[in-house]
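Coordinates from input_0.tsv are shown below (TSV, C-alpha atoms and all ligand atoms).
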chain	number	residue	atom	x	y	z
A	151	MET	CA	37.02	17.72	40.07
A	152	ALA	CA	35.05	15.65	42.53
A	153	HIS	CA	32.72	13.00	41.24
A	154	PRO	CA	29.23	14.35	41.45
A	155	HIS	CA	26.87	11.52	42.32
A	156	LEU	CA	23.14	11.92	41.83
A	157	GLU	CA	20.94	9.80	44.03
A	158	LEU	CA	19.23	8.05	41.09
A	159	THR	CA	17.67	4.62	41.33
A	160	ALA	CA	16.49	4.72	37.70
A	161	ARG	CA	19.15	5.20	35.06
A	162	PRO	CA	17.49	4.33	31.73
A	163	ARG	CA	20.83	4.68	29.96
A	164	ARG	CA	21.95	1.34	31.48
A	165	ASN	CA	19.73	-0.39	28.89
A	166	ARG	CA	21.43	1.51	26.08
A	167	ARG	CA	25.02	0.95	27.19
A	168	THR	CA	26.26	-1.63	24.66
A	169	PRO	CA	25.11	-2.86	21.23
A	170	ALA	CA	24.33	-6.28	22.71
A	171	ILE	CA	22.15	-4.80	25.47
A	172	ARG	CA	20.38	-2.56	22.95
A	173	ASP	CA	19.75	-5.54	20.66
A	174	MET	CA	18.43	-7.55	23.60
A	175	VAL	CA	15.84	-5.01	24.71
A	176	ARG	CA	14.68	-3.70	21.32
A	177	GLU	CA	10.87	-3.97	21.03
A	178	THR	CA	10.43	-3.47	17.29
A	179	GLU	CA	12.36	-5.49	14.71
A	180	LEU	CA	12.17	-5.11	10.95
A	181	SER	CA	11.82	-8.20	8.81
A	182	PRO	CA	11.22	-8.47	5.05
A	183	ALA	CA	8.42	-10.94	5.84
A	184	HIS	CA	6.24	-7.94	6.71
A	185	PHE	CA	6.96	-5.99	3.53
A	186	VAL	CA	4.78	-5.80	0.42
A	187	LEU	CA	6.44	-4.47	-2.74
A	188	PRO	CA	4.22	-2.36	-5.04
A	189	LEU	CA	5.02	-2.98	-8.73
A	190	PHE	CA	3.92	-1.19	-11.91
A	191	VAL	CA	3.28	-3.08	-15.14
A	192	HIS	CA	2.60	-1.75	-18.64
A	193	ARG	CA	2.49	-2.79	-22.28
A	194	GLY	CA	6.01	-1.86	-23.28
A	195	PRO	CA	9.65	-2.30	-22.35
A	196	ASP	CA	11.00	-1.83	-18.83
A	197	GLU	CA	11.42	1.90	-18.26
A	198	ALA	CA	12.24	4.30	-15.44
A	199	ILE	CA	9.40	6.39	-13.96
A	200	ASP	CA	10.30	10.09	-14.00
A	201	SER	CA	8.23	10.97	-10.94
A	202	MET	CA	9.64	8.08	-8.86
A	203	PRO	CA	13.44	7.74	-9.22
A	204	GLY	CA	14.54	4.13	-8.70
A	205	VAL	CA	11.09	2.70	-9.57
A	206	ASN	CA	10.27	1.17	-12.96
A	207	ARG	CA	7.30	0.51	-15.14
A	208	TRP	CA	7.88	-3.13	-16.05
A	209	SER	CA	6.99	-5.40	-18.90
A	210	VAL	CA	5.39	-8.62	-17.63
A	211	GLU	CA	8.71	-10.41	-18.08
A	212	GLY	CA	10.70	-7.69	-16.35
A	213	LEU	CA	8.24	-7.62	-13.48
A	214	VAL	CA	8.50	-11.37	-12.94
A	215	GLY	CA	12.29	-10.95	-12.72
A	216	GLU	CA	11.85	-8.25	-10.09
A	217	VAL	CA	9.51	-10.49	-8.09
A	218	GLY	CA	12.28	-13.11	-8.11
A	219	ARG	CA	14.93	-10.64	-6.88
A	220	ALA	CA	12.59	-9.54	-4.08
A	221	ALA	CA	11.78	-13.14	-3.13
A	222	ASP	CA	15.49	-14.01	-2.92
A	223	LEU	CA	15.81	-11.27	-0.29
A	224	GLY	CA	12.79	-12.48	1.69
A	225	VAL	CA	10.11	-10.16	0.29
A	226	GLN	CA	7.28	-12.61	-0.30
A	227	ALA	CA	4.42	-10.30	-1.28
A	228	VAL	CA	3.78	-7.84	-4.10
A	229	VAL	CA	0.88	-5.57	-5.05
A	230	LEU	CA	0.23	-4.85	-8.72
A	231	PHE	CA	-0.72	-1.63	-10.52
A	232	GLU	CA	-1.22	-1.20	-14.26
A	233	ALA	CA	-0.21	1.88	-16.21
A	234	ALA	CA	-2.80	1.66	-19.00
A	235	PRO	CA	-2.59	3.51	-22.33
A	236	ASP	CA	-5.17	6.23	-23.01
A	237	ASP	CA	-6.99	4.19	-25.63
A	238	LEU	CA	-7.98	1.65	-22.95
A	239	LYS	CA	-9.53	4.31	-20.71
A	240	THR	CA	-13.30	4.75	-20.78
A	241	PRO	CA	-15.89	6.46	-18.54
A	242	THR	CA	-16.86	3.13	-16.95
A	243	GLY	CA	-13.33	1.71	-16.81
A	244	ASP	CA	-14.36	-1.63	-18.29
A	245	GLU	CA	-10.75	-2.67	-18.91
A	246	ALA	CA	-10.62	-3.15	-15.11
A	247	TRP	CA	-12.40	-6.48	-15.45
A	248	ASN	CA	-11.08	-7.69	-18.79
A	249	PRO	CA	-10.06	-11.33	-18.14
A	250	ASP	CA	-7.47	-10.99	-20.93
A	251	GLY	CA	-6.15	-7.72	-19.52
A	252	LEU	CA	-2.61	-7.04	-18.39
A	253	ILE	CA	-3.18	-7.59	-14.65
A	254	PRO	CA	-4.62	-11.11	-15.10
A	255	GLN	CA	-1.71	-11.92	-17.45
A	256	THR	CA	0.79	-10.62	-14.90
A	257	ILE	CA	-0.79	-12.58	-12.05
A	258	GLY	CA	-0.54	-15.76	-14.13
A	259	ALA	CA	3.09	-15.09	-15.05
A	260	ILE	CA	4.09	-14.46	-11.41
A	261	LYS	CA	2.24	-17.51	-10.17
A	262	SER	CA	3.90	-19.84	-12.67
A	263	ALA	CA	7.40	-18.53	-11.92
A	264	HIS	CA	7.02	-17.90	-8.17
A	265	PRO	CA	4.00	-19.82	-6.88
A	266	ASP	CA	4.75	-19.00	-3.22
A	267	THR	CA	4.81	-15.22	-3.66
A	268	VAL	CA	1.66	-13.58	-2.32
A	269	VAL	CA	0.04	-11.66	-5.16
A	270	MET	CA	-2.11	-8.73	-4.11
A	271	THR	CA	-3.96	-6.57	-6.62
A	272	ASP	CA	-5.27	-3.04	-6.44
A	273	VAL	CA	-9.02	-2.79	-6.99
A	274	ALA	CA	-10.17	0.65	-8.20
A	275	LEU	CA	-11.03	2.21	-11.53
A	276	ASP	CA	-8.51	5.06	-11.75
A	277	PRO	CA	-6.02	3.36	-14.13
A	278	TYR	CA	-8.85	2.63	-16.58
A	279	ASN	CA	-11.18	5.55	-16.05
A	280	SER	CA	-10.96	8.36	-18.60
A	281	ASP	CA	-11.95	10.76	-15.79
A	282	GLY	CA	-9.02	9.63	-13.62
A	283	HIS	CA	-11.29	8.82	-10.69
A	284	ASP	CA	-11.51	5.62	-8.64
A	285	GLY	CA	-15.21	5.38	-9.43
A	286	ILE	CA	-17.64	6.18	-12.23
A	287	VAL	CA	-18.29	9.89	-12.72
A	288	ALA	CA	-21.90	10.98	-13.39
A	289	PRO	CA	-22.60	13.87	-15.80
A	290	ASP	CA	-23.00	16.23	-12.84
A	291	GLY	CA	-19.51	15.29	-11.58
A	292	THR	CA	-20.67	13.04	-8.72
A	293	ILE	CA	-18.67	9.85	-8.17
A	294	VAL	CA	-21.50	7.30	-8.09
A	295	ASN	CA	-21.15	4.72	-5.32
A	296	ASP	CA	-23.31	1.70	-6.01
A	297	GLU	CA	-22.68	1.43	-9.77
A	298	THR	CA	-18.97	1.64	-9.04
A	299	VAL	CA	-19.19	-1.15	-6.45
A	300	ASP	CA	-20.70	-3.38	-9.13
A	301	VAL	CA	-17.68	-2.83	-11.41
A	302	LEU	CA	-15.25	-3.31	-8.49
A	303	CYS	CA	-16.86	-6.71	-7.83
A	304	ARG	CA	-16.24	-7.72	-11.45
A	305	GLN	CA	-12.65	-6.46	-11.23
A	306	SER	CA	-12.04	-8.44	-8.01
A	307	LEU	CA	-13.51	-11.58	-9.55
A	308	THR	CA	-11.29	-11.21	-12.63
A	309	HIS	CA	-8.22	-10.94	-10.37
A	310	ALA	CA	-9.30	-13.92	-8.26
A	311	ASP	CA	-9.99	-16.01	-11.37
A	312	ALA	CA	-6.46	-15.21	-12.58
A	313	GLY	CA	-4.97	-16.45	-9.30
A	314	ALA	CA	-4.64	-13.39	-7.04
A	315	ASP	CA	-4.23	-14.29	-3.35
A	316	ILE	CA	-5.56	-11.04	-1.93
A	317	VAL	CA	-7.55	-8.23	-3.54
A	318	ALA	CA	-7.05	-4.74	-2.14
A	319	PRO	CA	-9.88	-2.28	-2.87
A	320	SER	CA	-8.38	1.23	-2.77
A	321	ASP	CA	-11.42	3.12	-4.04
A	322	MET	CA	-13.11	4.11	-0.73
A	323	MET	CA	-16.65	3.44	-2.01
A	324	ASP	CA	-19.14	2.55	0.73
A	325	GLY	CA	-20.07	-1.13	1.02
A	326	ARG	CA	-17.52	-2.47	-1.43
A	327	VAL	CA	-15.83	-4.87	0.96
A	328	GLY	CA	-19.06	-6.74	1.70
A	329	ALA	CA	-20.09	-6.80	-1.95
A	330	ILE	CA	-16.68	-8.08	-3.05
A	331	ARG	CA	-16.70	-10.76	-0.32
A	332	GLU	CA	-20.11	-11.95	-1.47
A	333	THR	CA	-19.06	-12.00	-5.14
A	334	LEU	CA	-15.86	-13.93	-4.43
A	335	ASP	CA	-17.65	-16.48	-2.22
A	336	HIS	CA	-20.46	-16.91	-4.72
A	337	HIS	CA	-17.87	-17.85	-7.35
A	338	GLY	CA	-15.99	-20.28	-5.14
A	339	HIS	CA	-13.14	-17.97	-4.16
A	340	THR	CA	-13.63	-18.39	-0.42
A	341	GLU	CA	-9.84	-18.53	0.07
A	342	VAL	CA	-9.08	-15.21	-1.64
A	343	GLY	CA	-8.52	-12.51	0.96
A	344	ILE	CA	-9.48	-8.85	1.10
A	345	CYS	CA	-7.04	-6.21	2.31
A	346	ALA	CA	-9.20	-3.11	2.57
A	347	TYR	CA	-7.79	0.35	2.09
A	348	THR	CA	-9.82	1.35	5.12
A	349	ALA	CA	-8.53	4.78	6.09
A	350	LYS	CA	-7.30	6.20	2.82
A	351	TYR	CA	-6.84	9.94	3.09
A	352	ALA	CA	-7.26	12.54	0.34
A	353	SER	CA	-3.51	13.09	0.26
A	354	ALA	CA	-1.06	15.12	-1.78
A	355	PHE	CA	1.45	12.35	-1.04
A	356	PHE	CA	-0.08	10.31	-3.91
A	357	GLY	CA	1.20	12.80	-6.51
A	358	PRO	CA	4.22	10.82	-7.79
A	359	PHE	CA	2.09	7.64	-8.12
A	360	ARG	CA	-0.42	9.45	-10.29
A	361	GLY	CA	2.53	10.55	-12.44
A	362	ALA	CA	3.61	6.90	-12.73
A	363	LEU	CA	0.15	5.82	-13.91
A	364	ASP	CA	-0.90	9.04	-15.63
A	365	SER	CA	-4.02	8.66	-13.48
A	366	ALA	CA	-4.57	12.09	-11.91
A	367	PRO	CA	-8.25	13.16	-11.85
A	368	ARG	CA	-9.05	15.05	-15.05
A	369	SER	CA	-11.29	17.30	-13.02
A	370	GLY	CA	-12.07	17.83	-9.36
A	371	ASP	CA	-10.35	15.96	-6.53
A	372	LYS	CA	-10.95	12.78	-4.52
A	373	LYS	CA	-12.31	14.46	-1.38
A	374	THR	CA	-15.86	13.06	-1.66
A	375	TYR	CA	-14.54	9.53	-1.22
A	376	GLN	CA	-11.07	9.68	0.34
A	377	MET	CA	-10.93	10.80	3.96
A	378	ASP	CA	-10.30	14.27	5.31
A	379	PRO	CA	-6.75	14.47	6.78
A	380	GLY	CA	-8.19	16.15	9.87
A	381	ASN	CA	-10.18	13.11	10.96
A	382	SER	CA	-9.33	9.96	12.90
A	383	ARG	CA	-12.61	9.02	14.64
A	384	GLU	CA	-14.07	8.50	11.17
A	385	ALA	CA	-11.22	6.06	10.45
A	386	LEU	CA	-12.46	3.86	13.30
A	387	ARG	CA	-15.92	3.89	11.79
A	388	GLU	CA	-14.51	2.78	8.44
A	389	MET	CA	-12.54	0.09	10.26
A	390	GLU	CA	-15.60	-1.30	12.03
A	391	LEU	CA	-17.53	-1.40	8.77
A	392	ASP	CA	-14.75	-3.05	6.77
A	393	ILE	CA	-14.19	-5.74	9.42
A	394	ALA	CA	-17.93	-6.38	9.71
A	395	GLU	CA	-18.11	-6.68	5.91
A	396	GLY	CA	-15.36	-9.31	5.89
A	397	ALA	CA	-12.02	-7.52	5.48
A	398	ASP	CA	-9.07	-9.78	6.34
A	399	MET	CA	-6.74	-6.81	6.84
A	400	VAL	CA	-7.33	-3.09	7.29
A	401	MET	CA	-4.99	-0.49	5.88
A	402	VAL	CA	-4.03	3.07	6.73
A	403	LYS	CA	-2.66	5.19	3.89
A	404	PRO	CA	-0.40	7.20	3.76
A	405	ALA	CA	1.62	5.80	6.67
A	406	GLY	CA	4.14	8.35	7.99
A	407	PRO	CA	1.85	11.36	8.45
A	408	TYR	CA	-0.93	9.12	9.89
A	409	LEU	CA	0.89	7.03	12.49
A	410	ASP	CA	-1.65	8.03	15.12
A	411	VAL	CA	-4.33	6.34	13.01
A	412	VAL	CA	-2.14	3.23	12.62
A	413	ARG	CA	-1.83	3.18	16.42
A	414	ARG	CA	-5.59	3.56	16.96
A	415	PHE	CA	-6.24	0.68	14.56
A	416	ALA	CA	-3.59	-1.52	16.18
A	417	GLU	CA	-5.16	-1.02	19.60
A	418	VAL	CA	-8.63	-2.21	18.63
A	419	SER	CA	-8.50	-4.13	15.35
A	420	VAL	CA	-9.15	-7.87	15.49
A	421	VAL	CA	-7.55	-8.30	12.04
A	422	PRO	CA	-3.98	-7.46	10.95
A	423	VAL	CA	-3.21	-3.81	10.28
A	424	ALA	CA	-1.39	-2.70	7.13
A	425	ALA	CA	0.11	0.70	6.38
A	426	TYR	CA	1.17	2.05	2.98
A	427	GLN	CA	4.31	4.17	2.81
A	428	VAL	CA	3.18	5.93	-0.36
A	429	SER	CA	4.94	7.43	-3.36
A	430	GLY	CA	5.32	10.92	-1.85
A	431	GLU	CA	6.88	9.51	1.31
A	432	TYR	CA	9.28	7.51	-0.89
A	433	LEU	CA	10.10	10.52	-3.03
A	434	MET	CA	10.85	12.79	-0.07
A	435	VAL	CA	13.48	10.35	1.13
A	436	LYS	CA	14.94	9.86	-2.35
A	437	ALA	CA	15.07	13.58	-3.09
A	438	ALA	CA	16.66	14.49	0.22
A	439	ALA	CA	19.19	11.67	-0.12
A	440	ALA	CA	20.02	12.61	-3.73
A	441	SER	CA	20.88	16.13	-2.64
A	442	GLY	CA	23.08	14.76	0.13
A	443	TRP	CA	20.87	16.15	2.88
A	444	LEU	CA	19.84	12.88	4.50
A	445	ASP	CA	21.41	9.45	4.96
A	446	GLU	CA	19.14	7.35	2.74
A	447	GLN	CA	19.79	3.97	4.33
A	448	ALA	CA	19.35	5.19	7.87
A	449	ILE	CA	16.17	7.05	6.96
A	450	ILE	CA	14.66	3.99	5.26
A	451	THR	CA	15.23	1.86	8.34
A	452	GLU	CA	13.97	4.56	10.69
A	453	THR	CA	10.76	5.30	8.77
A	454	LEU	CA	9.90	1.60	8.48
A	455	THR	CA	10.68	1.01	12.15
A	456	GLY	CA	8.41	3.93	13.06
A	457	ILE	CA	5.54	2.46	11.05
A	458	ARG	CA	6.00	-0.95	12.68
A	459	ARG	CA	6.32	0.58	16.15
A	460	ALA	CA	3.07	2.48	15.61
A	461	GLY	CA	1.40	-0.90	15.20
A	462	ALA	CA	1.46	-1.92	11.54
A	463	ASP	CA	1.82	-5.66	10.97
A	464	VAL	CA	2.25	-5.26	7.21
A	465	ILE	CA	3.99	-2.41	5.36
A	466	LEU	CA	3.51	-1.65	1.68
A	467	THR	CA	6.65	0.19	0.63
A	468	TYR	CA	8.62	0.97	-2.53
A	469	PHE	CA	11.70	0.41	-0.35
A	470	ALA	CA	10.79	-3.26	0.28
A	471	THR	CA	13.66	-4.77	-1.72
A	472	GLN	CA	16.20	-2.12	-0.74
A	473	ALA	CA	15.25	-2.45	2.93
A	474	ALA	CA	15.45	-6.24	2.75
A	475	GLU	CA	18.94	-5.88	1.30
A	476	LEU	CA	19.93	-3.57	4.16
A	477	LEU	CA	18.64	-6.10	6.68
A	478	SER	CA	20.42	-9.08	5.12
B	501	LIG	C1	-5.62	4.38	-6.67
B	501	LIG	C2	-4.43	4.31	-5.79
B	501	LIG	C3	-3.63	5.39	-5.45
B	501	LIG	C4	-2.58	4.88	-4.73
B	501	LIG	C5	-2.77	3.50	-4.60
B	501	LIG	N1	-3.94	3.16	-5.25
B	501	LIG	C6	-3.72	6.82	-5.83
B	501	LIG	C7	-4.93	7.59	-5.58
B	501	LIG	O1	-5.83	7.19	-4.84
B	501	LIG	O2	-5.03	8.66	-6.17
B	501	LIG	C8	-1.45	5.69	-4.21
B	501	LIG	C9	-0.19	4.98	-3.94
B	501	LIG	C10	1.00	5.85	-3.78
B	501	LIG	O3	0.94	7.10	-3.78
B	501	LIG	O4	2.08	5.27	-3.64
B	501	LIG	N2	-6.77	3.84	-6.28

Once you've parsed the file, please lay out its structure as structure tokens.
Ligand code: PBG
Amino acid sequence: MAHPHLELTARPRRNRRTPAIRDMVRETELSPAHFVLPLFVHRGPDEAIDSMPGVNRWSVEGLVGEVGRAADLGVQAVVLFEAAPDDLKTPTGDEAWNPDGLIPQTIGAIKSAHPDTVVMTDVALDPYNSDGHDGIVAPDGTIVNDETVDVLCRQSLTHADAGADIVAPSDMMDGRVGAIRETLDHHGHTEVGICAYTAKYASAFFGPFRGALDSAPRSGDKKTYQMDPGNSREALREMELDIAEGADMVMVKPAGPYLDVVRRFAEVSVVPVAAYQVSGEYLMVKAAAASGWLDEQAIITETLTGIRRAGADVILTYFATQAAELLS
């Protein structure tokens, strides 16, 4: 057979020919420095979470050990969530700002064992709210905005007092970033940052997380405060507001199904962009891998690369430690 020869000047495959050439021209690299590991703490022994295989609810001591294992692999940031017992849950979620609560204790324990690890905390009422909502629920079922913001400010201050580096309001109330900034500054915490959950969608991908915290709404859904999955222009509006109010980072959540929003943020944001690969995204990979249908390690790397390529500087992911191990 004769050698057919196309008259091509551009042959993109030349840049894919060898591993060394591919490594040389790759635009997006993964590094554990960009990962944030979400961790769950509770009053009790370390235990597996049924709805999230491979993820634990930790005692304070167990959690500090996990922070150390992550740090050894280059994961230098964690975000904390508390699974609170029912008897600590009230309609106004006051446990959220208890200075002797479990989150302040955990922050202190991490900071004394691993002072260089960046400690982020989740700011919202759902772990402590007997209604399972991120804000206070009025008798008519409305999630009240301004009263909630007041409690979120107290919660943020409690976390900052305990030594948190960055507070991350995940509640989607209007005006909370500005109010939290003012509260922190007023109390001398000018160096404590705010990572705003800016475009947080009303997503079914949060299901396994709510199982981990037993924090599902007791009635209704979160659609009056979390964003409609059909919208992205509105995400830009939230972004402008959060940055104007003093956010140091803006987050898109979930990540995988909203990469277009990550990209829109990355194109215009003047602050770093974070994306949260949430519990449902984690679980899909774990479930498919457990049944032998997908190659877990390859999928982890590919999903995280996709999120970075879309424009995220920071990725919150339950795979942080596992991915760091794969990269080492
Ligand atoms: C609560 C909060 C949620 C998540 C992070 N903070 C759940 C929710 O809003 O219902 C979800 C994280 C995940 O699914 O991994 N404010």

Subject >> All residues having an atom within 8 Å of ligand LIG 501 (chain B) (only C-alpha atoms and all ligand atoms) as a count of residues only >> reply: 33

**OP:** For each of A:Gly361, A:Gly442, A:Gly215, A:Pro407, take the minimum atom-to-atom distance to Ala460 (chain A), counting all atoms listed in the file, then give the residue where this is smallest.
**Re:** A:Pro407

**OP:** Rank A:Arg164, A:Pro169, A:Thr256, A:Asn248 by their smallest atom-to-atom distance to His192 (chain A), using all atoms listed in the file, and report the top residue only.
**Re:** A:Thr256

**OP:** Do a neighbour search on Ala473 (chain A) at 10 Å with all atoms listed in the file, toss out local chain neighbours closer than 2 positions, and write the hits as number ranges by chain.
**Re:** A: 180-182, 185, 223, 225, 447-448, 450-451, 454, 467-471, 475-478

Subject >> One-decimal distance in Å that lies between CA of Ala198 (chain A) and CA of Ala440 (chain A) >> reply: 16.3 Å

Subject >> Between CA of Gln255 (chain A) and CA of Ala349 (chain A), distance in Å (one decimal) >> reply: 29.7 Å

**OP:** Could you give me, as number ranges by chain, the residues within 12 Å of His264 (chain A), counting only C-alpha atoms and dropping anything in the same chain fewer than 2 positions from it?
**Re:** A: 213-222, 225-228, 256-262, 266-269

Write the residues of the selection above to a file with C-alpha atoms, as a PDB file, in the frame of the given file.
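Written file, out-v2.pdb:
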ATOM      1  CA  LEU A 213       8.240  -7.620 -13.480  1.00  0.00           C
ATOM      2  CA  VAL A 214       8.500 -11.370 -12.940  1.00  0.00           C
ATOM      3  CA  GLY A 215      12.290 -10.950 -12.720  1.00  0.00           C
ATOM      4  CA  GLU A 216      11.850  -8.250 -10.090  1.00  0.00           C
ATOM      5  CA  VAL A 217       9.510 -10.490  -8.090  1.00  0.00           C
ATOM      6  CA  GLY A 218      12.280 -13.110  -8.110  1.00  0.00           C
ATOM      7  CA  ARG A 219      14.930 -10.640  -6.880  1.00  0.00           C
ATOM      8  CA  ALA A 220      12.590  -9.540  -4.080  1.00  0.00           C
ATOM      9  CA  ALA A 221      11.780 -13.140  -3.130  1.00  0.00           C
ATOM     10  CA  ASP A 222      15.490 -14.010  -2.920  1.00  0.00           C
ATOM     11  CA  VAL A 225      10.110 -10.160   0.290  1.00  0.00           C
ATOM     12  CA  GLN A 226       7.280 -12.610  -0.300  1.00  0.00           C
ATOM     13  CA  ALA A 227       4.420 -10.300  -1.280  1.00  0.00           C
ATOM     14  CA  VAL A 228       3.780  -7.840  -4.100  1.00  0.00           C
ATOM     15  CA  THR A 256       0.790 -10.620 -14.900  1.00  0.00           C
ATOM     16  CA  ILE A 257      -0.790 -12.580 -12.050  1.00  0.00           C
ATOM     17  CA  GLY A 258      -0.540 -15.760 -14.130  1.00  0.00           C
ATOM     18  CA  ALA A 259       3.090 -15.090 -15.050  1.00  0.00           C
ATOM     19  CA  ILE A 260       4.090 -14.460 -11.410  1.00  0.00           C
ATOM     20  CA  LYS A 261       2.240 -17.510 -10.170  1.00  0.00           C
ATOM     21  CA  SER A 262       3.900 -19.840 -12.670  1.00  0.00           C
ATOM     22  CA  ASP A 266       4.750 -19.000  -3.220  1.00  0.00           C
ATOM     23  CA  THR A 267       4.810 -15.220  -3.660  1.00  0.00           C
ATOM     24  CA  VAL A 268       1.660 -13.580  -2.320  1.00  0.00           C
ATOM     25  CA  VAL A 269       0.040 -11.660  -5.160  1.00  0.00           C
TER      26      VAL A 269
END

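Across A:Glu332, A:Asp200, A:Asp364, A:Glu157, the tightest approach to Arg304 (chain A) is made by A:Glu332 when counting only C-alpha atoms.
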
Subject >> Best match for closeness to Ile286 (chain A) among A:Glu177, A:Pro265, A:Pro241, A:Val327, counting all atoms listed in the file >> reply: A:Pro241

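The residue set within 9 Å of Leu433 (chain A), counting all atoms listed in the file and dropping same-chain residues fewer than 6 places from it, reads Ser201, Met202, Pro203 and Pro358 of chain A.
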
Residues from last step as file, C-alpha atoms, as a compact mmCIF listing (two decimals), in the coordinates of the input:
# COMPACT_ATOMS: atom_id res chain seq x y z
CA SER A 201 8.23 10.97 -10.94
CA MET A 202 9.64 8.08 -8.86
CA PRO A 203 13.44 7.74 -9.22
CA PRO A 358 4.22 10.82 -7.79

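As for CA of Ile330 (chain A) and CA of Ser306 (chain A), they are spaced 6.8 Å apart.
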
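The closest residue to Leu386 (chain A), picked from A:Thr348, A:Ser209, A:Thr453, A:Thr159 and counting all atoms listed in the file, is A:Thr348.
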
Original post:
Which residue, A:Met322, A:Ala385, A:Val175, A:Ala183, has the smallest gap to Val294 (chain A) when you use all atoms listed in the file?
Top reply: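 The answer is A:Met322, which sits nearest to Val294 (chain A).
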